[in-house]
Amino acid sequence: MSAHANLERRRQAIYGWLLLSPAAVLLTVFAFYPSFATLWSSLFSRGTRRNPTEFVGTENYADLFADPTFWLVVKNNLLYAGITIPVSIGIALAMALWANSKISARGFVRTAYFTPTVLPMIAAANLWLFFYTPGLGVLDQIGSLFGLPSVNWLGQPETALWAIIIVTIWKEAGFFMIFYLAALQTIPEDLKEAADIEGTSRWTYTRRIVLPLLMPTTLFIAVNAMINSVKLIDHLFILTKGGPSDASKLILYYIWEMAFAFFDAPHAAAMTILVIAVLGIVAAVQFLYLDKRTHYQ
Amino acid sequence: MKLLSTTGLGLATAMAAGLVSSANAETELTMYYPIAVGGSLTEVVDGIVADFEAENPDINVTAIYSGNYDDTRVRALSALASGESAQLAVMFSIDAYDLIEQELIVPFEEVATTDADKEWLSSFYPALMANSLIEGQTWGIPFQRSTIVAYYNKDLFRAAGLDPEAPPTTWDEMVTMGKTLTQGDTYGLMIPSTGYPYWMFQALAIQNGKEVMSGDGLTTYFDDPAVVETLEFWQSLSAEHGIMPTGTVEWGTLRQAFLEGQTAMMWHSTGNLTAVKDGASFDFGVAELPGNVRKGSPTGGGNFYLFKDTTDEERAAALKLMQFMTAPEQAAAWSIATGYMGVSPAAYETDALKAYTAEFPPALVARNQLENAVAEFSTFETARVRDGLNNAIQSALTGAKSPADALAEAQEAAVRLLSAYQ
Amino acid sequence: MKSLTKFMDSFGAILLAIIWIAPLLFAFWAATHSTSDAVNLNLFSPWTMDNFRVAWNGAPWLKYFLNTFTLVTVILIGQFILTTLAGFAFAQLQFPGKDYVFILVLMQLFILPEVLIVENYAMVSRLGLFDTILGVGMPYMASAFGIFLMRQAFKGVPIELHEAARIEGCGLLGILWRVYVPLAKPTYLAYALVSVSTHWNNFLWPLIVTNSPDTRPLTVGLSIFGAPENGVDISVISAATLMSVAPLLIAFLIFQRQFVQAFLRAGIK
């Protein structure tokens with residue numbers, strides 16, 4: 001009997017690994033191996049005609065930490081994440097609450113909110129370029145109707161990053177709204193009825209019942225948003241290319257620029273490792289901390 | 001079991017869909033090129049290539065349009081780095097140092113060995129060869145070249161009481177006329193400071209008598225007093241004289257702004273000429289840039305480069321293609337279609353260009369400016385050094401830093417980057 | 001009081017909706033009017049299809065469209081196969097190290113192909129897949145998100161059905177194909193919609209890996225078209241943008257419910 005069970009277990013193990021192998025192979029080839037290769041190449045210097053490549057240990061990292069552009073890019077990305085994550089989550093929540101309630105033109109509203117999600121970021125950038133053009137652009141034209149001066153949204157260091165942030169929020173909020181909608185629809189009706197009977201205001205109901213119940217969704221969205229705050233840089237290619245004076249440069253764009261425009265793969269690799277490390281740490285912290293505070297139904 | 005065979009079939013189909021077709025016995029050339037204006041000019045290139053293939057049946061050319069100069073460089077070098085074959089590309093004239101450092105290109109002296117070839121090498125305007133002559137050898141062949149020119153709105157000149165046939169020829173005239181032309185929503189002058197600010201800055205610097213880099217790509221002069229003075233002048237155009245908008249002026253939409261009458265004068269590439277001509281609803285003129293200590297403009301645009309990782313047959317074929325595309329008739333056709341300059345004096349002697357320039361004199365302005373033209377900004381580590389200069393210019397124009405401080409910073413960074421090469 | 005709240009709600013929601021859809025509306029406006037009229041917002045200026053004509057002639061959009069279509073299909077097929085196999089393994093089979101491997105799989109959620117762009121690009125070249133559709137798609141096929149979804153879906157299948165099929169003499173793969181896959185159809189559909197819209201709109205990785213118009217997808221084609229050297233023409237760019245988003249947008253508008261349901265379902269997990 002036990003021999004049979006053992007055989008069965010062995011069979012399962014073999015099958016298990018067999019079924020897993022295609023995915024495992026691809027994951028190794030395109031995720032795990034490149035991670036290690038990146039780490040390895042970040043420890044060497046860049047090879048040129050005059051100086052062939054050689055092992056330099058942490059010198060590339062030291063170079064990065066001494067580079068003011070690197071710190072500016074980090075600061076930009078932190079600001080970018082710090083604004084887009086909460087604001088898009090907040091707007092998404094409002095959108096979901098509205099789209100779930102009994103307002104008129106609910107279908108139109110929901111479609112309008114979700115439409116930016118089906119557009120590629122590049123297309124979104126083109127659309128917003130029309131808005132941001134100084135003088136001729138829509139924002140300035142509307143502004144001039146109210147007597148406001150023309151603002152060079154993309155051409156000033158003060159406003160360039162904000163312009164980028166707005167495009168990201170516009171693109172993301174609708175996507176997150178869907179997750180909130182799903183969660184809202186799982187909240188049983190009787191909770192609302194009970195609240196109404198007790199005479200609680202809508203605001204209190206939302207704050208003390210709905211929001212806590214939405215915590216798992218919020219956590220999921222927050223992780224997504226955090227990954228996106230590193231990943232979403234497509235619009236930089238069209239709108240600012242990281243300028244003016246690196247005011248809107250984000251780290252993935254800088255990595256791309258370092259590797260493909262400056263031909264400096266080792267420094268790009270060093271930055272990549274730093275990004276992965278930070279993402280991993282933040283994700284772990286988020287999971288541990290927020291996990292404690294969520295209410296699961 | 002069904003799953004597996006479906007998988008196999010699926011993968012096989014997918015691979016078939018992705019495979020590139022194999023080469024045959026002809027010499028295959030792959031050429032990457034940028035187009036400076038979006039769109040249908042790829043047809044013009046395709047046409048030229050078809051003509052070439054007709055004359056040379058043993059050469060097969062695949063011309064790949066790859067976006068703007070930056071895109072094209074990335075594309076071509078990505079292809080090479082990943083083992084794809086590419087024999088030649090039209091890339092920025094200023095990429096030369098980086099391409100040499102990465103050991104990617106060959107000098108033309110190695111392949112242009114016959115007398116006819118050598119004659120062809122020396123048939124181009126010397127000013128256009130300035131960016132290609134490095135360490136005594138020729139690394140690039142001019143194809144789509146330009147200088148900056150001053151476009152101006154003759155109707156607005158008339159309305160302001162200025163002579164429409166007398167655009168400014170000195171900085172002082174430019175400022176005075178600019179003030180007269182700045183009324184209401186219209187500015188007198190717009191010089192773009194995004195996109196390629198260093199290019200515009202070079203023009204101003206040379207007009208003030210100073211080149212911003214040395215001819216060997218090893219030294220920059222950003223903190224030279226004349227250069228600092230130049231940036232201060234540029235800044236004063238908006239801050240003090242009010243003839244230009246404050247902050248940065250957007251490269252991409254400047255042409256549209258000019259066509260909408262938002263500015264009476266604009267500095268832009270001659271490559272915009274055909275587009276302006278087709279889009280202007282008013283009488284416009286094109287003039288050489290005004291001078292201060294002297295007149296001048298940097299050249300711009302793209303050169304042909306020949307890659308190192310090529311066989312002798314491929315090099316010979318590529319050379320033939322380049323000679324064909326820069327031959328006077330082709331150069332003339334390209335110039336008329338785009339507004340870029342004819343790259344050789346012979347091009348301007350062709351009937352086509354003679355007729356065109358007789359009918360449309362602005363097409364000659366860029367060529368005439370070649371007399372006072374200098375090489376475009378190019379050094380080792382050119383992208384990063386240039387970035388430093390661009391940032392300095394934008395910081396000064398947006399008021400974030402003073403010109404002296406901004407340029408000092410850029411110079412410090414440049415010295416650091418270039419020290420490895422000296 | 002209640003009707004005032006309802007009115008305020010509706011008003012707020014609709015105002016936000018209009019703001020949200022404004023960029024698309026303006027793009028439509030710009031694309032159908034000449035550039036000069038568009039930027040000056042001359043409301044009663046004539047409509048024109050010229051911009052679409054110029055944009056259409058300016059790049060091989062049909063080829064780009066076909067490339068994108070092929071790309072999302074290839075990726076989807078790969079994903080279906082890989083995530084089904086792996087998801088099943090995680091859901092119903094016991095094998096040593098299962099939990100550790102699952103954590104490794106989840107880590108892939110962070111290690112995006114975009115972040116590892118330089119090394120992945122070198123890898124793709126090494127495999128000879130540079131400038132091929134397969135090269136663009138391969139890094140995405142072992143999708144951690146997909147594996148996770150399939151695992152959840154398969155876990156929900158009653159064990160009795162599994163046993164019943166086994167008694168009938170099916171091998172493991174037979175059981176998978178006959179029992180689990182059909183029951184997970186809604187999840188497949190949901191995943192398909194999410195995957196297609198994600199990869200239809202993907203930009204940075206295809207930008208690096210594709211080099212020629214033969215493999216270039218719509219997003220890269222649009223970026224090349226929209227960033228020429230000498231300046232942009234807002235109307236033509238708007239026309240080109242609308243053309244390239246039209247297929248997915250129209251599909252979305254028609255199949256709205258399914259789209260939303262798909263994302264809902266994916267999100268609940």
# chains A, B, ... in the order shown; residues from 1 in each chain; ligands from 1
$ residues_around --residues "stretch 39-47 of chain A" --least-positions-apart "5" --cutoff "7 Å" --atoms "only C-alpha atoms" --output "list in words"
Pro52, Thr53, Glu54, Phe55, Val56, Gly57, Thr58, Asn60, Asp264, Ala265, Pro266, His267, Ala269, Ala270 and Ile273 of chain A
$ write_last_selection --atoms "N, CA and C atoms" --output "PDB file, in the first residue's frame"
ATOM      1  N   PRO A  52      39.658  48.469 -23.130  1.00  0.00           N
ATOM      2  CA  PRO A  52      38.792  47.276 -23.146  1.00  0.00           C
ATOM      3  C   PRO A  52      38.157  47.052 -21.779  1.00  0.00           C
ATOM      4  N   THR A  53      37.077  46.264 -21.781  1.00  0.00           N
ATOM      5  CA  THR A  53      36.294  46.127 -20.559  1.00  0.00           C
ATOM      6  C   THR A  53      37.056  45.346 -19.493  1.00  0.00           C
ATOM      7  N   GLU A  54      36.887  45.729 -18.240  1.00  0.00           N
ATOM      8  CA  GLU A  54      37.568  45.042 -17.148  1.00  0.00           C
ATOM      9  C   GLU A  54      36.702  45.081 -15.895  1.00  0.00           C
ATOM     10  N   PHE A  55      36.998  44.180 -14.948  1.00  0.00           N
ATOM     11  CA  PHE A  55      36.220  44.078 -13.723  1.00  0.00           C
ATOM     12  C   PHE A  55      36.476  45.288 -12.827  1.00  0.00           C
ATOM     13  N   VAL A  56      35.404  45.955 -12.427  1.00  0.00           N
ATOM     14  CA  VAL A  56      35.602  47.132 -11.586  1.00  0.00           C
ATOM     15  C   VAL A  56      34.792  47.082 -10.305  1.00  0.00           C
ATOM     16  N   GLY A  57      34.127  45.948 -10.071  1.00  0.00           N
ATOM     17  CA  GLY A  57      33.400  45.810  -8.820  1.00  0.00           C
ATOM     18  C   GLY A  57      32.281  46.820  -8.704  1.00  0.00           C
ATOM     19  N   THR A  58      32.256  47.561  -7.618  1.00  0.00           N
ATOM     20  CA  THR A  58      31.134  48.465  -7.382  1.00  0.00           C
ATOM     21  C   THR A  58      31.371  49.855  -7.933  1.00  0.00           C
ATOM     22  N   ASN A  60      30.832  51.153 -10.836  1.00  0.00           N
ATOM     23  CA  ASN A  60      29.695  51.697 -11.582  1.00  0.00           C
ATOM     24  C   ASN A  60      28.643  52.249 -10.636  1.00  0.00           C
ATOM     25  N   ASP A 264      26.250  52.966 -22.904  1.00  0.00           N
ATOM     26  CA  ASP A 264      26.904  52.666 -21.639  1.00  0.00           C
ATOM     27  C   ASP A 264      26.163  51.566 -20.900  1.00  0.00           C
ATOM     28  N   ALA A 265      26.291  50.330 -21.350  1.00  0.00           N
ATOM     29  CA  ALA A 265      25.518  49.234 -20.774  1.00  0.00           C
ATOM     30  C   ALA A 265      25.802  48.989 -19.300  1.00  0.00           C
ATOM     31  N   PRO A 266      27.060  49.003 -18.835  1.00  0.00           N
ATOM     32  CA  PRO A 266      27.295  48.713 -17.414  1.00  0.00           C
ATOM     33  C   PRO A 266      26.577  49.654 -16.463  1.00  0.00           C
ATOM     34  N   HIS A 267      26.577  50.944 -16.741  1.00  0.00           N
ATOM     35  CA  HIS A 267      25.869  51.843 -15.826  1.00  0.00           C
ATOM     36  C   HIS A 267      24.374  51.608 -15.891  1.00  0.00           C
ATOM     37  N   ALA A 269      23.050  48.755 -16.428  1.00  0.00           N
ATOM     38  CA  ALA A 269      22.841  47.526 -15.658  1.00  0.00           C
ATOM     39  C   ALA A 269      22.815  47.835 -14.166  1.00  0.00           C
ATOM     40  N   ALA A 270      23.747  48.685 -13.727  1.00  0.00           N
ATOM     41  CA  ALA A 270      23.778  49.020 -12.301  1.00  0.00           C
ATOM     42  C   ALA A 270      22.458  49.645 -11.873  1.00  0.00           C
ATOM     43  N   ILE A 273      19.696  47.022 -11.544  1.00  0.00           N
ATOM     44  CA  ILE A 273      19.765  46.250 -10.306  1.00  0.00           C
ATOM     45  C   ILE A 273      19.185  47.053  -9.147  1.00  0.00           C
TER      46      ILE A 273
END
$ residues_around --residues "C:Phe69" --least-positions-apart "2" --cutoff "10 Å" --atoms "only C-alpha atoms" --output "number ranges by chain"
C: 63-67, 71-74, 196, 199-200, 217-218
$ interface_residues --of "chain A" --to "chain B" --cutoff "9 Å" --atoms "only C-alpha atoms" --output "PyMOL selection string"
chain A and resi 47-50+133-136+152+154-157+240+243-246+260-263
$ write_last_selection --atoms "C-alpha atoms" --output "PDB file, in the first residue's frame"
ATOM      1  CA  GLY A  47      34.617  48.607 -23.340  1.00  0.00           C
ATOM      2  CA  THR A  48      35.771  51.164 -25.905  1.00  0.00           C
ATOM      3  CA  ARG A  49      38.465  51.400 -28.502  1.00  0.00           C
ATOM      4  CA  ARG A  50      40.956  52.725 -26.011  1.00  0.00           C
ATOM      5  CA  THR A 133       1.300  72.917 -26.967  1.00  0.00           C
ATOM      6  CA  PRO A 134       1.930  76.486 -25.858  1.00  0.00           C
ATOM      7  CA  GLY A 135      -0.277  79.065 -27.457  1.00  0.00           C
ATOM      8  CA  LEU A 136      -1.883  76.735 -29.951  1.00  0.00           C
ATOM      9  CA  ASN A 152       4.695  76.291 -21.657  1.00  0.00           C
ATOM     10  CA  LEU A 154       6.233  70.841 -21.460  1.00  0.00           C
ATOM     11  CA  GLY A 155       8.977  73.385 -21.817  1.00  0.00           C
ATOM     12  CA  GLN A 156       9.453  74.488 -18.228  1.00  0.00           C
ATOM     13  CA  PRO A 157      11.178  72.398 -15.604  1.00  0.00           C
ATOM     14  CA  THR A 240       9.466  65.694 -23.214  1.00  0.00           C
ATOM     15  CA  GLY A 243      13.569  67.370 -20.432  1.00  0.00           C
ATOM     16  CA  PRO A 244      13.805  70.209 -20.016  1.00  0.00           C
ATOM     17  CA  SER A 245      17.101  69.780 -18.194  1.00  0.00           C
ATOM     18  CA  ASP A 246      16.107  66.281 -17.037  1.00  0.00           C
ATOM     19  CA  PHE A 260      20.952  52.812 -26.169  1.00  0.00           C
ATOM     20  CA  ALA A 261      21.839  56.469 -26.608  1.00  0.00           C
ATOM     21  CA  PHE A 262      25.020  56.724 -24.558  1.00  0.00           C
ATOM     22  CA  PHE A 263      26.191  53.167 -25.333  1.00  0.00           C
TER      23      PHE A 263
END
$ closest_atom_pairs --of "chain C" --to "chain A" --cutoff "6 Å" --atoms "only C-alpha atoms" --output "CSV"
residue,atom,partner,partner_atom,distance
C:Ser10,CA,A:Ile103,CA,5.0
C:Ala17,CA,A:Ala112,CA,5.3
C:Ile21,CA,A:Ala112,CA,5.6
C:Pro23,CA,A:Leu127,CA,5.7
C:Ala27,CA,A:Leu127,CA,5.9
C:Val39,CA,A:Leu136,CA,5.4
C:Leu82,CA,A:Ala23,CA,5.5
C:Leu85,CA,A:Leu19,CA,5.1
C:Ala86,CA,A:Leu20,CA,4.7
C:Ala89,CA,A:Gly16,CA,5.1
C:Leu93,CA,A:Gly16,CA,5.9
C:Phe95,CA,A:Ala13,CA,4.2
C:Glu119,CA,A:Pro34,CA,5.3
C:Pro139,CA,A:Phe30,CA,5.5
C:Ala142,CA,A:Ala23,CA,5.0
C:Asn201,CA,A:Pro120,CA,4.3
C:Thr241,CA,A:Ala123,CA,5.6
C:Leu264,CA,A:Ala182,CA,5.1
C:Gly267,CA,A:Phe179,CA,5.2
$ write_last_selection --atoms "C-alpha atoms" --output "PDB file, in the first residue's frame"
ATOM      1  CA  SER C  10     -24.736  62.782 -11.687  1.00  0.00           C
ATOM      2  CA  ALA C  17     -16.502  61.785 -17.688  1.00  0.00           C
ATOM      3  CA  ILE C  21     -12.967  61.815 -22.758  1.00  0.00           C
ATOM      4  CA  PRO C  23      -8.477  64.399 -25.282  1.00  0.00           C
ATOM      5  CA  ALA C  27      -8.037  64.438 -31.374  1.00  0.00           C
ATOM      6  CA  VAL C  39      -5.383  74.828 -33.629  1.00  0.00           C
ATOM      7  CA  LEU C  82       2.136  27.726 -20.666  1.00  0.00           C
ATOM      8  CA  LEU C  85       0.147  23.624 -17.859  1.00  0.00           C
ATOM      9  CA  ALA C  86       1.805  25.497 -15.041  1.00  0.00           C
ATOM     10  CA  ALA C  89       0.601  21.789 -11.870  1.00  0.00           C
ATOM     11  CA  LEU C  93      -0.346  18.308  -8.215  1.00  0.00           C
ATOM     12  CA  PHE C  95       5.657  17.955  -5.913  1.00  0.00           C
ATOM     13  CA  GLU C 119      19.996  41.783 -21.025  1.00  0.00           C
ATOM     14  CA  PRO C 139       9.423  37.074 -22.749  1.00  0.00           C
ATOM     15  CA  ALA C 142       5.274  32.646 -19.111  1.00  0.00           C
ATOM     16  CA  ASN C 201      -0.578  48.666 -26.538  1.00  0.00           C
ATOM     17  CA  THR C 241      -3.277  58.215 -33.725  1.00  0.00           C
ATOM     18  CA  LEU C 264     -13.592  42.511 -13.243  1.00  0.00           C
ATOM     19  CA  GLY C 267      -9.375  41.680 -10.641  1.00  0.00           C
TER      20      GLY C 267
END
$ select_by_dssp --residues "stretch 18-197 of chain A" --states "helix (DSSP H, G or I)" --output "NGL selection string"
:A and (18-41 or 59-66 or 68-100 or 106-118 or 121-132 or 138-145 or 157-185 or 189-197)
$ atom_distance --atom1 "atom CA of B:Ile59" --atom2 "atom CA of B:Thr311"
13.7 Å
$ residues_around --residues "C:Phe80" --least-positions-apart "3" --cutoff "9 Å" --atoms "only C-alpha atoms" --output "PyMOL selection string"
chain C and resi 75-77+83-85+141+146+188+191-192
$ residues_around --residues "B:Thr186" --least-positions-apart "5" --cutoff "8 Å" --atoms "only C-alpha atoms" --output "JSON, numbers by chain"
{"B": [181, 261, 262, 263, 264]}
$ residues_around --residues "C:Pro206" --least-positions-apart "6" --cutoff "8 Å" --atoms "only C-alpha atoms" --output "count of residues only"
4
$ residues_around --residues "B:Pro362" --least-positions-apart "6" --cutoff "10 Å" --atoms "only C-alpha atoms" --output "list in words"
Val149, Tyr151, Thr270, Leu273, Lys277, Phe284, Gly285, Val286, Ala287, Glu288, Gly339 and Tyr356 of chain B
$ atom_distance --atom1 "atom CA of A:Ala66" --atom2 "atom CA of C:Asn120"
27.5 Å
$ atom_distance --atom1 "atom CA of B:Ile94" --atom2 "atom CA of B:Ser378"
5.0 Å
$ residues_around --residues "A:Trp162" --least-positions-apart "5" --cutoff "10 Å" --atoms "only C-alpha atoms" --output "PDB file with N, CA and C atoms, in the first residue's frame"
ATOM      1  N   LEU A  79       8.688  61.397  -6.806  1.00  0.00           N
ATOM      2  CA  LEU A  79       7.576  62.340  -6.868  1.00  0.00           C
ATOM      3  C   LEU A  79       6.476  61.780  -7.773  1.00  0.00           C
ATOM      4  N   TYR A  80       6.899  61.240  -8.901  1.00  0.00           N
ATOM      5  CA  TYR A  80       5.977  60.646  -9.866  1.00  0.00           C
ATOM      6  C   TYR A  80       5.139  59.566  -9.186  1.00  0.00           C
ATOM      7  N   ILE A  83       2.767  60.870  -6.351  1.00  0.00           N
ATOM      8  CA  ILE A  83       1.538  61.566  -6.748  1.00  0.00           C
ATOM      9  C   ILE A  83       0.603  60.630  -7.497  1.00  0.00           C
ATOM     10  N   THR A  84       1.142  59.909  -8.503  1.00  0.00           N
ATOM     11  CA  THR A  84       0.233  59.132  -9.339  1.00  0.00           C
ATOM     12  C   THR A  84      -0.463  58.027  -8.562  1.00  0.00           C
ATOM     13  N   TRP A 153       3.745  74.218 -20.843  1.00  0.00           N
ATOM     14  CA  TRP A 153       3.643  73.090 -19.932  1.00  0.00           C
ATOM     15  C   TRP A 153       4.825  72.142 -20.038  1.00  0.00           C
ATOM     16  N   LEU A 154       5.185  71.836 -21.290  1.00  0.00           N
ATOM     17  CA  LEU A 154       6.233  70.841 -21.460  1.00  0.00           C
ATOM     18  C   LEU A 154       7.623  71.454 -21.487  1.00  0.00           C
ATOM     19  N   PRO A 157      10.872  73.443 -16.584  1.00  0.00           N
ATOM     20  CA  PRO A 157      11.178  72.398 -15.604  1.00  0.00           C
ATOM     21  C   PRO A 157      10.110  72.288 -14.526  1.00  0.00           C
ATOM     22  N   VAL A 167      -0.917  62.900 -17.416  1.00  0.00           N
ATOM     23  CA  VAL A 167      -1.219  61.923 -18.461  1.00  0.00           C
ATOM     24  C   VAL A 167      -1.303  60.524 -17.863  1.00  0.00           C
ATOM     25  N   THR A 168      -0.383  60.218 -16.942  1.00  0.00           N
ATOM     26  CA  THR A 168      -0.396  58.892 -16.322  1.00  0.00           C
ATOM     27  C   THR A 168      -1.668  58.666 -15.535  1.00  0.00           C
ATOM     28  N   ALA A 247      14.190  67.489 -16.138  1.00  0.00           N
ATOM     29  CA  ALA A 247      13.181  67.729 -15.111  1.00  0.00           C
ATOM     30  C   ALA A 247      12.101  66.663 -15.107  1.00  0.00           C
ATOM     31  N   SER A 248      11.906  66.002 -16.238  1.00  0.00           N
ATOM     32  CA  SER A 248      10.844  65.001 -16.268  1.00  0.00           C
ATOM     33  C   SER A 248      11.417  63.621 -16.580  1.00  0.00           C
TER      34      SER A 248
END
$ decode --residues "stretch 61-96 of chain A" --atoms "C-alpha atoms" --output "tab-separated table (two decimals), in the first residue's frame"
chain	number	residue	atom	x	y	z
A	61	TYR	CA	27.44	52.02	-8.57
A	62	ALA	CA	29.75	54.62	-7.05
A	63	ASP	CA	29.64	56.54	-10.33
A	64	LEU	CA	25.86	56.53	-10.22
A	65	PHE	CA	25.74	57.76	-6.65
A	66	ALA	CA	28.12	60.58	-7.59
A	67	ASP	CA	26.07	61.55	-10.64
A	68	PRO	CA	23.70	64.46	-9.94
A	69	THR	CA	21.50	63.42	-12.86
A	70	PHE	CA	20.94	60.04	-11.23
A	71	TRP	CA	19.70	61.64	-8.04
A	72	LEU	CA	17.50	64.04	-9.98
A	73	VAL	CA	15.97	61.10	-11.84
A	74	VAL	CA	15.39	59.23	-8.57
A	75	LYS	CA	13.76	62.30	-7.07
A	76	ASN	CA	11.57	62.67	-10.15
A	77	ASN	CA	10.47	59.06	-9.99
A	78	LEU	CA	9.70	59.26	-6.29
A	79	LEU	CA	7.58	62.34	-6.87
A	80	TYR	CA	5.98	60.65	-9.87
A	81	ALA	CA	5.09	57.58	-7.80
A	82	GLY	CA	4.12	59.63	-4.77
A	83	ILE	CA	1.54	61.57	-6.75
A	84	THR	CA	0.23	59.13	-9.34
A	85	ILE	CA	-0.39	56.26	-6.94
A	86	PRO	CA	-2.63	57.95	-4.38
A	87	VAL	CA	-4.32	60.32	-6.82
A	88	SER	CA	-5.20	57.69	-9.39
A	89	ILE	CA	-6.41	55.35	-6.65
A	90	GLY	CA	-8.50	58.14	-5.16
A	91	ILE	CA	-10.03	59.09	-8.50
A	92	ALA	CA	-10.57	55.42	-9.34
A	93	LEU	CA	-12.47	54.98	-6.08
A	94	ALA	CA	-14.65	58.00	-6.80
A	95	MET	CA	-15.26	56.75	-10.31
A	96	ALA	CA	-16.21	53.31	-9.05
